[in-house]
Amino acid sequence: MQRMCTQNALPLKHYGFMIGLQYFRQDDSMRRYVLSLLFVCLSASADDLADANRLLAAKDYAKALPLFTKAARAGNSEAQFRLGEMYWYGDGTAQDLNAAREWIGKAAAAGVPDAKESLAILERRKTREKEIAYWMSEYRGEELRSGKFACPAPAIPVLSKTNEEIEATRAAVATWQTCYNGFVSNFNSAMPPGKVIPQDVLDMMSPAEFERVRAHIEPTYRKIILDAQTQADATLAQRDAWEKSTQAFVKEENLRRKRQLELDTIRNVRDNEMRLHGSTNTRITTGK
């Protein structure tokens, strides 16, 4: 009985009409046989759809596809929708957007929930394929490292010898640090990869296409953050070297000035003693 149902190629609504004609032409025993045949066929179709959905959930697309195809051709609108999605996503078959539109269109005409929206998305793809291709291969993440997030390295001298030079260098480093912190915050907000893609473009992608997008974006992001980290490490190393050399210079300069002050003090004391001694000798000589 199961095999007889499988071999019948007529759509269910046509098959039911043929069974009805037979029913009026047969005796009572034949009527019971025909009714039981109709019941078995419809049950088998429901079982096929349940099996197809189970296989789809298990991602066993190769086995799910022929079951959905059989049920879709028999006029099952849910199967038509699922089959259209499989052609859209390339599950168990090569991606075929024309076939996807055909089957999802049938499901939409039958009133399947979400089919009309899916069909509209597929129609948008006709004129927006380049947007999907952009995210899969051309996107470079420039918005993450341009404009206010460009953060050029500050000009840091080997050392600073005046307070004005020290303050100017510190200000330049602080400005860069603020920019870099903003870059990191903005970069983190763009994670995970794919978050920056407009939702209406995401809606048009199949899971396989999104995997290609992610495979492209992940190394792009990795390069951006590694380049930024390399620049940051170099800038901080340059700042540390500047601070070390400047502090050494300031320390040496302070010591030199201290010694100079001590020498000047000693010299002033000697000069004062000499002037005082000379003044005393003058008074002795003149008697005044």
# chains A, B, ... in the order shown; residues from 1 in each chain; ligands from 1
call {"tool": "select_by_dssp", "arguments": {"residues": "range 112-227 of chain A", "states": "alpha helix (DSSP H)", "output": "PyMOL selection string"}}
result
chain A and resi 115-133+163-189+199-204+207-227
call {"tool": "residues_around", "arguments": {"residues": "Arg214 in chain A", "least_positions_apart": "2", "cutoff": "12 Å", "atoms": "only C-alpha atoms", "output": "PDB file with all heavy atoms, in the first residue's frame"}}
result
ATOM      1  N   TRP A 135      30.398  42.510   1.412  1.00  0.00           N
ATOM      2  CA  TRP A 135      30.695  42.032   2.760  1.00  0.00           C
ATOM      3  C   TRP A 135      31.461  40.714   2.740  1.00  0.00           C
ATOM      4  O   TRP A 135      32.210  40.422   3.677  1.00  0.00           O
ATOM      5  CB  TRP A 135      29.405  41.889   3.558  1.00  0.00           C
ATOM      6  CG  TRP A 135      28.775  43.206   3.873  1.00  0.00           C
ATOM      7  CD1 TRP A 135      27.689  43.774   3.274  1.00  0.00           C
ATOM      8  CD2 TRP A 135      29.202  44.147   4.866  1.00  0.00           C
ATOM      9  NE1 TRP A 135      27.417  44.999   3.811  1.00  0.00           N
ATOM     10  CE2 TRP A 135      28.325  45.256   4.792  1.00  0.00           C
ATOM     11  CE3 TRP A 135      30.231  44.160   5.796  1.00  0.00           C
ATOM     12  CZ2 TRP A 135      28.456  46.360   5.633  1.00  0.00           C
ATOM     13  CZ3 TRP A 135      30.373  45.267   6.637  1.00  0.00           C
ATOM     14  CH2 TRP A 135      29.489  46.342   6.540  1.00  0.00           C
ATOM     15  N   MET A 136      31.310  39.944   1.667  1.00  0.00           N
ATOM     16  CA  MET A 136      31.995  38.661   1.596  1.00  0.00           C
ATOM     17  C   MET A 136      33.455  38.778   1.174  1.00  0.00           C
ATOM     18  O   MET A 136      34.265  37.915   1.517  1.00  0.00           O
ATOM     19  CB  MET A 136      31.266  37.715   0.633  1.00  0.00           C
ATOM     20  CG  MET A 136      29.954  37.177   1.169  1.00  0.00           C
ATOM     21  SD  MET A 136      29.320  35.759   0.224  1.00  0.00           S
ATOM     22  CE  MET A 136      28.901  36.569  -1.333  1.00  0.00           C
ATOM     23  N   SER A 137      33.809  39.865   0.465  1.00  0.00           N
ATOM     24  CA  SER A 137      35.180  39.913  -0.059  1.00  0.00           C
ATOM     25  C   SER A 137      35.825  41.298  -0.092  1.00  0.00           C
ATOM     26  O   SER A 137      37.057  41.392  -0.129  1.00  0.00           O
ATOM     27  CB  SER A 137      35.197  39.339  -1.476  1.00  0.00           C
ATOM     28  OG  SER A 137      34.356  40.098  -2.335  1.00  0.00           O
ATOM     29  N   TYR A 139      34.936  44.220   2.001  1.00  0.00           N
ATOM     30  CA  TYR A 139      34.919  45.015   3.229  1.00  0.00           C
ATOM     31  C   TYR A 139      36.294  45.010   3.886  1.00  0.00           C
ATOM     32  O   TYR A 139      36.922  43.965   4.029  1.00  0.00           O
ATOM     33  CB  TYR A 139      33.868  44.444   4.182  1.00  0.00           C
ATOM     34  CG  TYR A 139      33.883  45.071   5.559  1.00  0.00           C
ATOM     35  CD1 TYR A 139      33.476  46.378   5.761  1.00  0.00           C
ATOM     36  CD2 TYR A 139      34.309  44.337   6.663  1.00  0.00           C
ATOM     37  CE1 TYR A 139      33.481  46.951   7.025  1.00  0.00           C
ATOM     38  CE2 TYR A 139      34.308  44.891   7.928  1.00  0.00           C
ATOM     39  CZ  TYR A 139      33.907  46.199   8.110  1.00  0.00           C
ATOM     40  OH  TYR A 139      33.915  46.749   9.361  1.00  0.00           O
ATOM     41  N   MET A 191      31.945  44.127  17.717  1.00  0.00           N
ATOM     42  CA  MET A 191      31.998  42.671  17.831  1.00  0.00           C
ATOM     43  C   MET A 191      30.629  42.130  18.206  1.00  0.00           C
ATOM     44  O   MET A 191      29.848  42.808  18.871  1.00  0.00           O
ATOM     45  CB  MET A 191      33.040  42.270  18.877  1.00  0.00           C
ATOM     46  CG  MET A 191      34.443  42.737  18.534  1.00  0.00           C
ATOM     47  SD  MET A 191      35.072  42.041  16.999  1.00  0.00           S
ATOM     48  CE  MET A 191      35.361  40.347  17.511  1.00  0.00           C
ATOM     49  N   PRO A 192      30.293  40.891  17.839  1.00  0.00           N
ATOM     50  CA  PRO A 192      31.132  39.963  17.090  1.00  0.00           C
ATOM     51  C   PRO A 192      31.167  40.328  15.615  1.00  0.00           C
ATOM     52  O   PRO A 192      30.371  41.144  15.157  1.00  0.00           O
ATOM     53  CB  PRO A 192      30.410  38.617  17.312  1.00  0.00           C
ATOM     54  CG  PRO A 192      28.972  39.015  17.445  1.00  0.00           C
ATOM     55  CD  PRO A 192      28.987  40.312  18.195  1.00  0.00           C
ATOM     56  N   PRO A 193      32.075  39.716  14.858  1.00  0.00           N
ATOM     57  CA  PRO A 193      32.134  40.019  13.423  1.00  0.00           C
ATOM     58  C   PRO A 193      30.777  39.831  12.761  1.00  0.00           C
ATOM     59  O   PRO A 193      30.109  38.832  12.961  1.00  0.00           O
ATOM     60  CB  PRO A 193      33.151  38.980  12.910  1.00  0.00           C
ATOM     61  CG  PRO A 193      34.022  38.710  14.085  1.00  0.00           C
ATOM     62  CD  PRO A 193      33.108  38.755  15.276  1.00  0.00           C
ATOM     63  N   GLY A 194      30.380  40.796  11.963  1.00  0.00           N
ATOM     64  CA  GLY A 194      29.077  40.737  11.301  1.00  0.00           C
ATOM     65  C   GLY A 194      28.072  41.697  11.901  1.00  0.00           C
ATOM     66  O   GLY A 194      27.049  42.006  11.297  1.00  0.00           O
ATOM     67  N   LYS A 195      28.387  42.216  13.097  1.00  0.00           N
ATOM     68  CA  LYS A 195      27.470  43.136  13.757  1.00  0.00           C
ATOM     69  C   LYS A 195      27.309  44.431  12.978  1.00  0.00           C
ATOM     70  O   LYS A 195      26.272  45.088  13.064  1.00  0.00           O
ATOM     71  CB  LYS A 195      27.964  43.420  15.180  1.00  0.00           C
ATOM     72  CG  LYS A 195      27.004  44.225  16.032  1.00  0.00           C
ATOM     73  CD  LYS A 195      27.552  44.401  17.439  1.00  0.00           C
ATOM     74  CE  LYS A 195      26.613  45.242  18.308  1.00  0.00           C
ATOM     75  NZ  LYS A 195      27.152  45.419  19.664  1.00  0.00           N
ATOM     76  N   VAL A 196      28.341  44.807  12.231  1.00  0.00           N
ATOM     77  CA  VAL A 196      28.304  46.077  11.491  1.00  0.00           C
ATOM     78  C   VAL A 196      27.473  45.986  10.206  1.00  0.00           C
ATOM     79  O   VAL A 196      27.201  46.999   9.586  1.00  0.00           O
ATOM     80  CB  VAL A 196      29.738  46.537  11.140  1.00  0.00           C
ATOM     81  CG1 VAL A 196      30.521  46.869  12.383  1.00  0.00           C
ATOM     82  CG2 VAL A 196      30.459  45.485  10.311  1.00  0.00           C
ATOM     83  N   ILE A 197      27.095  44.773   9.822  1.00  0.00           N
ATOM     84  CA  ILE A 197      26.338  44.605   8.579  1.00  0.00           C
ATOM     85  C   ILE A 197      24.903  45.074   8.791  1.00  0.00           C
ATOM     86  O   ILE A 197      24.263  44.683   9.770  1.00  0.00           O
ATOM     87  CB  ILE A 197      26.334  43.132   8.142  1.00  0.00           C
ATOM     88  CG1 ILE A 197      27.767  42.628   7.990  1.00  0.00           C
ATOM     89  CG2 ILE A 197      25.565  42.958   6.830  1.00  0.00           C
ATOM     90  CD1 ILE A 197      27.857  41.146   7.698  1.00  0.00           C
ATOM     91  N   LEU A 202      21.737  41.510   6.032  1.00  0.00           N
ATOM     92  CA  LEU A 202      21.832  40.211   6.700  1.00  0.00           C
ATOM     93  C   LEU A 202      20.648  39.325   6.361  1.00  0.00           C
ATOM     94  O   LEU A 202      20.794  38.117   6.153  1.00  0.00           O
ATOM     95  CB  LEU A 202      21.902  40.409   8.225  1.00  0.00           C
ATOM     96  CG  LEU A 202      23.270  40.684   8.844  1.00  0.00           C
ATOM     97  CD1 LEU A 202      23.120  40.992  10.324  1.00  0.00           C
ATOM     98  CD2 LEU A 202      24.201  39.509   8.643  1.00  0.00           C
ATOM     99  N   MET A 205      21.010  37.261   3.241  1.00  0.00           N
ATOM    100  CA  MET A 205      22.066  36.264   3.152  1.00  0.00           C
ATOM    101  C   MET A 205      21.572  34.888   3.569  1.00  0.00           C
ATOM    102  O   MET A 205      20.744  34.749   4.465  1.00  0.00           O
ATOM    103  CB  MET A 205      23.243  36.659   4.061  1.00  0.00           C
ATOM    104  CG  MET A 205      23.985  37.896   3.648  1.00  0.00           C
ATOM    105  SD  MET A 205      25.355  38.224   4.787  1.00  0.00           S
ATOM    106  CE  MET A 205      25.932  39.810   4.167  1.00  0.00           C
ATOM    107  N   PRO A 207      22.729  31.205   5.308  1.00  0.00           N
ATOM    108  CA  PRO A 207      23.722  30.856   6.337  1.00  0.00           C
ATOM    109  C   PRO A 207      25.107  30.632   5.749  1.00  0.00           C
ATOM    110  O   PRO A 207      26.105  31.041   6.346  1.00  0.00           O
ATOM    111  CB  PRO A 207      23.142  29.575   6.947  1.00  0.00           C
ATOM    112  CG  PRO A 207      21.671  29.706   6.761  1.00  0.00           C
ATOM    113  CD  PRO A 207      21.508  30.383   5.424  1.00  0.00           C
ATOM    114  N   ALA A 208      25.183  29.993   4.583  1.00  0.00           N
ATOM    115  CA  ALA A 208      26.488  29.754   3.957  1.00  0.00           C
ATOM    116  C   ALA A 208      27.154  31.067   3.567  1.00  0.00           C
ATOM    117  O   ALA A 208      28.375  31.234   3.713  1.00  0.00           O
ATOM    118  CB  ALA A 208      26.327  28.858   2.728  1.00  0.00           C
ATOM    119  N   GLU A 209      26.367  32.006   3.089  1.00  0.00           N
ATOM    120  CA  GLU A 209      26.917  33.316   2.729  1.00  0.00           C
ATOM    121  C   GLU A 209      27.410  34.051   3.961  1.00  0.00           C
ATOM    122  O   GLU A 209      28.459  34.699   3.926  1.00  0.00           O
ATOM    123  CB  GLU A 209      25.859  34.135   1.991  1.00  0.00           C
ATOM    124  CG  GLU A 209      25.593  33.644   0.579  1.00  0.00           C
ATOM    125  CD  GLU A 209      24.374  34.286  -0.052  1.00  0.00           C
ATOM    126  OE1 GLU A 209      23.463  34.733   0.698  1.00  0.00           O
ATOM    127  OE2 GLU A 209      24.305  34.330  -1.284  1.00  0.00           O
ATOM    128  N   PHE A 210      26.652  33.953   5.045  1.00  0.00           N
ATOM    129  CA  PHE A 210      27.106  34.620   6.266  1.00  0.00           C
ATOM    130  C   PHE A 210      28.396  33.991   6.777  1.00  0.00           C
ATOM    131  O   PHE A 210      29.264  34.696   7.313  1.00  0.00           O
ATOM    132  CB  PHE A 210      26.037  34.557   7.353  1.00  0.00           C
ATOM    133  CG  PHE A 210      26.466  35.244   8.621  1.00  0.00           C
ATOM    134  CD1 PHE A 210      26.518  36.622   8.699  1.00  0.00           C
ATOM    135  CD2 PHE A 210      26.856  34.511   9.728  1.00  0.00           C
ATOM    136  CE1 PHE A 210      26.940  37.276   9.848  1.00  0.00           C
ATOM    137  CE2 PHE A 210      27.273  35.151  10.891  1.00  0.00           C
ATOM    138  CZ  PHE A 210      27.311  36.533  10.955  1.00  0.00           C
ATOM    139  N   GLU A 211      28.555  32.686   6.629  1.00  0.00           N
ATOM    140  CA  GLU A 211      29.805  32.044   7.031  1.00  0.00           C
ATOM    141  C   GLU A 211      30.963  32.572   6.196  1.00  0.00           C
ATOM    142  O   GLU A 211      32.072  32.763   6.716  1.00  0.00           O
ATOM    143  CB  GLU A 211      29.683  30.528   6.881  1.00  0.00           C
ATOM    144  CG  GLU A 211      28.839  29.876   7.963  1.00  0.00           C
ATOM    145  CD  GLU A 211      29.324  30.200   9.371  1.00  0.00           C
ATOM    146  OE1 GLU A 211      30.545  30.081   9.617  1.00  0.00           O
ATOM    147  OE2 GLU A 211      28.492  30.594  10.211  1.00  0.00           O
ATOM    148  N   ARG A 212      30.713  32.815   4.923  1.00  0.00           N
ATOM    149  CA  ARG A 212      31.759  33.406   4.083  1.00  0.00           C
ATOM    150  C   ARG A 212      32.074  34.828   4.522  1.00  0.00           C
ATOM    151  O   ARG A 212      33.242  35.250   4.522  1.00  0.00           O
ATOM    152  CB  ARG A 212      31.316  33.409   2.621  1.00  0.00           C
ATOM    153  CG  ARG A 212      31.309  32.033   1.965  1.00  0.00           C
ATOM    154  CD  ARG A 212      30.867  32.124   0.520  1.00  0.00           C
ATOM    155  NE  ARG A 212      31.749  32.983  -0.267  1.00  0.00           N
ATOM    156  CZ  ARG A 212      31.513  33.352  -1.523  1.00  0.00           C
ATOM    157  NH1 ARG A 212      30.403  32.933  -2.129  1.00  0.00           N
ATOM    158  NH2 ARG A 212      32.349  34.133  -2.168  1.00  0.00           N
ATOM    159  N   HIS A 216      35.650  36.158   6.101  1.00  0.00           N
ATOM    160  CA  HIS A 216      36.368  37.320   5.558  1.00  0.00           C
ATOM    161  C   HIS A 216      36.590  38.383   6.626  1.00  0.00           C
ATOM    162  O   HIS A 216      37.679  38.960   6.717  1.00  0.00           O
ATOM    163  CB  HIS A 216      35.585  37.919   4.388  1.00  0.00           C
ATOM    164  CG  HIS A 216      36.112  39.238   3.922  1.00  0.00           C
ATOM    165  ND1 HIS A 216      37.338  39.391   3.298  1.00  0.00           N
ATOM    166  CD2 HIS A 216      35.598  40.498   4.019  1.00  0.00           C
ATOM    167  CE1 HIS A 216      37.552  40.663   3.012  1.00  0.00           C
ATOM    168  NE2 HIS A 216      36.507  41.357   3.437  1.00  0.00           N
ATOM    169  N   ILE A 217      35.576  38.644   7.446  1.00  0.00           N
ATOM    170  CA  ILE A 217      35.665  39.733   8.420  1.00  0.00           C
ATOM    171  C   ILE A 217      36.603  39.397   9.577  1.00  0.00           C
ATOM    172  O   ILE A 217      37.343  40.268  10.053  1.00  0.00           O
ATOM    173  CB  ILE A 217      34.266  40.098   8.943  1.00  0.00           C
ATOM    174  CG1 ILE A 217      33.450  40.775   7.830  1.00  0.00           C
ATOM    175  CG2 ILE A 217      34.351  41.032  10.143  1.00  0.00           C
ATOM    176  CD1 ILE A 217      32.062  41.209   8.261  1.00  0.00           C
ATOM    177  N   GLU A 218      36.587  38.167  10.039  1.00  0.00           N
ATOM    178  CA  GLU A 218      37.398  37.816  11.203  1.00  0.00           C
ATOM    179  C   GLU A 218      38.886  38.119  11.003  1.00  0.00           C
ATOM    180  O   GLU A 218      39.496  38.782  11.838  1.00  0.00           O
ATOM    181  CB  GLU A 218      37.176  36.355  11.583  1.00  0.00           C
ATOM    182  CG  GLU A 218      35.855  36.128  12.311  1.00  0.00           C
ATOM    183  CD  GLU A 218      35.654  34.690  12.708  1.00  0.00           C
ATOM    184  OE1 GLU A 218      36.436  33.823  12.257  1.00  0.00           O
ATOM    185  OE2 GLU A 218      34.707  34.415  13.472  1.00  0.00           O
ATOM    186  N   PRO A 219      39.518  37.678   9.907  1.00  0.00           N
ATOM    187  CA  PRO A 219      40.924  38.049   9.718  1.00  0.00           C
ATOM    188  C   PRO A 219      41.116  39.538   9.455  1.00  0.00           C
ATOM    189  O   PRO A 219      42.158  40.106   9.799  1.00  0.00           O
ATOM    190  CB  PRO A 219      41.355  37.208   8.503  1.00  0.00           C
ATOM    191  CG  PRO A 219      40.091  36.821   7.822  1.00  0.00           C
ATOM    192  CD  PRO A 219      39.066  36.713   8.890  1.00  0.00           C
ATOM    193  N   THR A 220      40.109  40.183   8.862  1.00  0.00           N
ATOM    194  CA  THR A 220      40.180  41.633   8.655  1.00  0.00           C
ATOM    195  C   THR A 220      40.232  42.348   9.997  1.00  0.00           C
ATOM    196  O   THR A 220      41.072  43.244  10.212  1.00  0.00           O
ATOM    197  CB  THR A 220      38.966  42.130   7.847  1.00  0.00           C
ATOM    198  OG1 THR A 220      38.962  41.501   6.558  1.00  0.00           O
ATOM    199  CG2 THR A 220      39.009  43.634   7.666  1.00  0.00           C
ATOM    200  N   TYR A 221      39.338  41.960  10.895  1.00  0.00           N
ATOM    201  CA  TYR A 221      39.331  42.551  12.233  1.00  0.00           C
ATOM    202  C   TYR A 221      40.631  42.237  12.982  1.00  0.00           C
ATOM    203  O   TYR A 221      41.180  43.078  13.698  1.00  0.00           O
ATOM    204  CB  TYR A 221      38.149  42.016  13.030  1.00  0.00           C
ATOM    205  CG  TYR A 221      36.844  42.737  12.762  1.00  0.00           C
ATOM    206  CD1 TYR A 221      36.680  43.548  11.654  1.00  0.00           C
ATOM    207  CD2 TYR A 221      35.763  42.603  13.631  1.00  0.00           C
ATOM    208  CE1 TYR A 221      35.496  44.198  11.407  1.00  0.00           C
ATOM    209  CE2 TYR A 221      34.559  43.258  13.401  1.00  0.00           C
ATOM    210  CZ  TYR A 221      34.438  44.050  12.285  1.00  0.00           C
ATOM    211  OH  TYR A 221      33.250  44.688  12.058  1.00  0.00           O
ATOM    212  N   ARG A 222      41.096  40.999  12.826  1.00  0.00           N
ATOM    213  CA  ARG A 222      42.314  40.597  13.526  1.00  0.00           C
ATOM    214  C   ARG A 222      43.489  41.460  13.081  1.00  0.00           C
ATOM    215  O   ARG A 222      44.320  41.876  13.898  1.00  0.00           O
ATOM    216  CB  ARG A 222      42.578  39.115  13.261  1.00  0.00           C
ATOM    217  CG  ARG A 222      43.677  38.516  14.105  1.00  0.00           C
ATOM    218  CD  ARG A 222      43.549  37.003  14.221  1.00  0.00           C
ATOM    219  NE  ARG A 222      43.387  36.352  12.933  1.00  0.00           N
ATOM    220  CZ  ARG A 222      42.291  35.724  12.562  1.00  0.00           C
ATOM    221  NH1 ARG A 222      41.253  35.645  13.375  1.00  0.00           N
ATOM    222  NH2 ARG A 222      42.219  35.149  11.369  1.00  0.00           N
TER     223      ARG A 222
END
call {"tool": "atom_distance", "arguments": {"atom1": "CA of Leu65 in chain A", "atom2": "CA of Asp47 in chain A"}}
result
14.6 Å
call {"tool": "residues_around", "arguments": {"residues": "range 88-92 of chain A", "least_positions_apart": "5", "cutoff": "12 Å", "atoms": "only C-alpha atoms", "output": "PyMOL selection string"}}
result
chain A and resi 55-69+81-83+97-104+118-119+121-123+125+203-211
call {"tool": "residues_around", "arguments": {"residues": "range 240-257 of chain A", "least_positions_apart": "2", "cutoff": "8 Å", "atoms": "only C-alpha atoms", "output": "list in words"}}
result
Ile156, Pro157, Val158, Leu159, Ser160, Lys161, Leu236, Ala237, Gln238, Arg259, Gln260 and Leu261 of chain A
call {"tool": "write_last_selection", "arguments": {"atoms": "N, CA, C and O atoms", "output": "mmCIF file, in the first residue's frame"}}
result
data_model
loop_
_atom_site.group_PDB
_atom_site.id
_atom_site.type_symbol
_atom_site.label_atom_id
_atom_site.label_comp_id
_atom_site.auth_asym_id
_atom_site.auth_seq_id
_atom_site.Cartn_x
_atom_site.Cartn_y
_atom_site.Cartn_z
ATOM 1 N N ILE A 156 57.140 62.229 19.357
ATOM 2 C CA ILE A 156 57.804 62.148 20.664
ATOM 3 C C ILE A 156 59.312 62.302 20.447
ATOM 4 O O ILE A 156 59.928 61.476 19.760
ATOM 5 N N PRO A 157 59.935 63.351 20.998
ATOM 6 C CA PRO A 157 61.380 63.542 20.832
ATOM 7 C C PRO A 157 62.169 62.524 21.649
ATOM 8 O O PRO A 157 61.601 61.794 22.471
ATOM 9 N N VAL A 158 63.453 62.485 21.405
ATOM 10 C CA VAL A 158 64.312 61.583 22.186
ATOM 11 C C VAL A 158 64.310 62.005 23.643
ATOM 12 O O VAL A 158 64.214 61.164 24.542
ATOM 13 N N LEU A 159 64.377 63.310 23.861
ATOM 14 C CA LEU A 159 64.239 63.852 25.210
ATOM 15 C C LEU A 159 63.820 65.308 25.121
ATOM 16 O O LEU A 159 63.962 65.935 24.083
ATOM 17 N N SER A 160 63.284 65.822 26.213
ATOM 18 C CA SER A 160 62.875 67.230 26.286
ATOM 19 C C SER A 160 63.738 67.925 27.321
ATOM 20 O O SER A 160 63.978 67.392 28.411
ATOM 21 N N LYS A 161 64.171 69.139 26.980
ATOM 22 C CA LYS A 161 65.099 69.841 27.853
ATOM 23 C C LYS A 161 64.478 71.035 28.557
ATOM 24 O O LYS A 161 65.125 71.644 29.416
ATOM 25 N N LEU A 236 54.002 53.575 22.998
ATOM 26 C CA LEU A 236 54.246 53.515 24.440
ATOM 27 C C LEU A 236 55.719 53.267 24.745
ATOM 28 O O LEU A 236 56.265 53.820 25.710
ATOM 29 N N ALA A 237 56.371 52.454 23.907
ATOM 30 C CA ALA A 237 57.806 52.219 24.095
ATOM 31 C C ALA A 237 58.589 53.515 23.863
ATOM 32 O O ALA A 237 59.537 53.833 24.604
ATOM 33 N N GLN A 238 58.174 54.262 22.846
ATOM 34 C CA GLN A 238 58.821 55.545 22.558
ATOM 35 C C GLN A 238 58.574 56.533 23.692
ATOM 36 O O GLN A 238 59.471 57.282 24.084
ATOM 37 N N ARG A 259 74.892 71.829 42.026
ATOM 38 C CA ARG A 259 76.335 72.043 42.179
ATOM 39 C C ARG A 259 76.722 73.469 41.817
ATOM 40 O O ARG A 259 77.562 74.090 42.485
ATOM 41 N N GLN A 260 76.119 73.971 40.758
ATOM 42 C CA GLN A 260 76.408 75.340 40.343
ATOM 43 C C GLN A 260 75.984 76.323 41.423
ATOM 44 O O GLN A 260 76.689 77.307 41.700
ATOM 45 N N LEU A 261 74.828 76.035 42.026
ATOM 46 C CA LEU A 261 74.362 76.907 43.103
ATOM 47 C C LEU A 261 75.316 76.864 44.279
ATOM 48 O O LEU A 261 75.620 77.922 44.895
#
call {"tool": "residues_around", "arguments": {"residues": "range 112-116 of chain A", "least_positions_apart": "4", "cutoff": "7 Å", "atoms": "only C-alpha atoms", "output": "list in words"}}
result
Ser77, Glu78, Phe81, Ile104, Ala107, Ala108 and Ala120 of chain A
call {"tool": "residues_around", "arguments": {"residues": "range 171-178 of chain A", "least_positions_apart": "4", "cutoff": "7 Å", "atoms": "only C-alpha atoms", "output": "list in words"}}
result
Cys151, Ala153, Pro154, Glu167 and Gly182 of chain A
call {"tool": "atom_distance", "arguments": {"atom1": "CA of Ala150 in chain A", "atom2": "CA of Ala228 in chain A"}}
result
9.5 Å
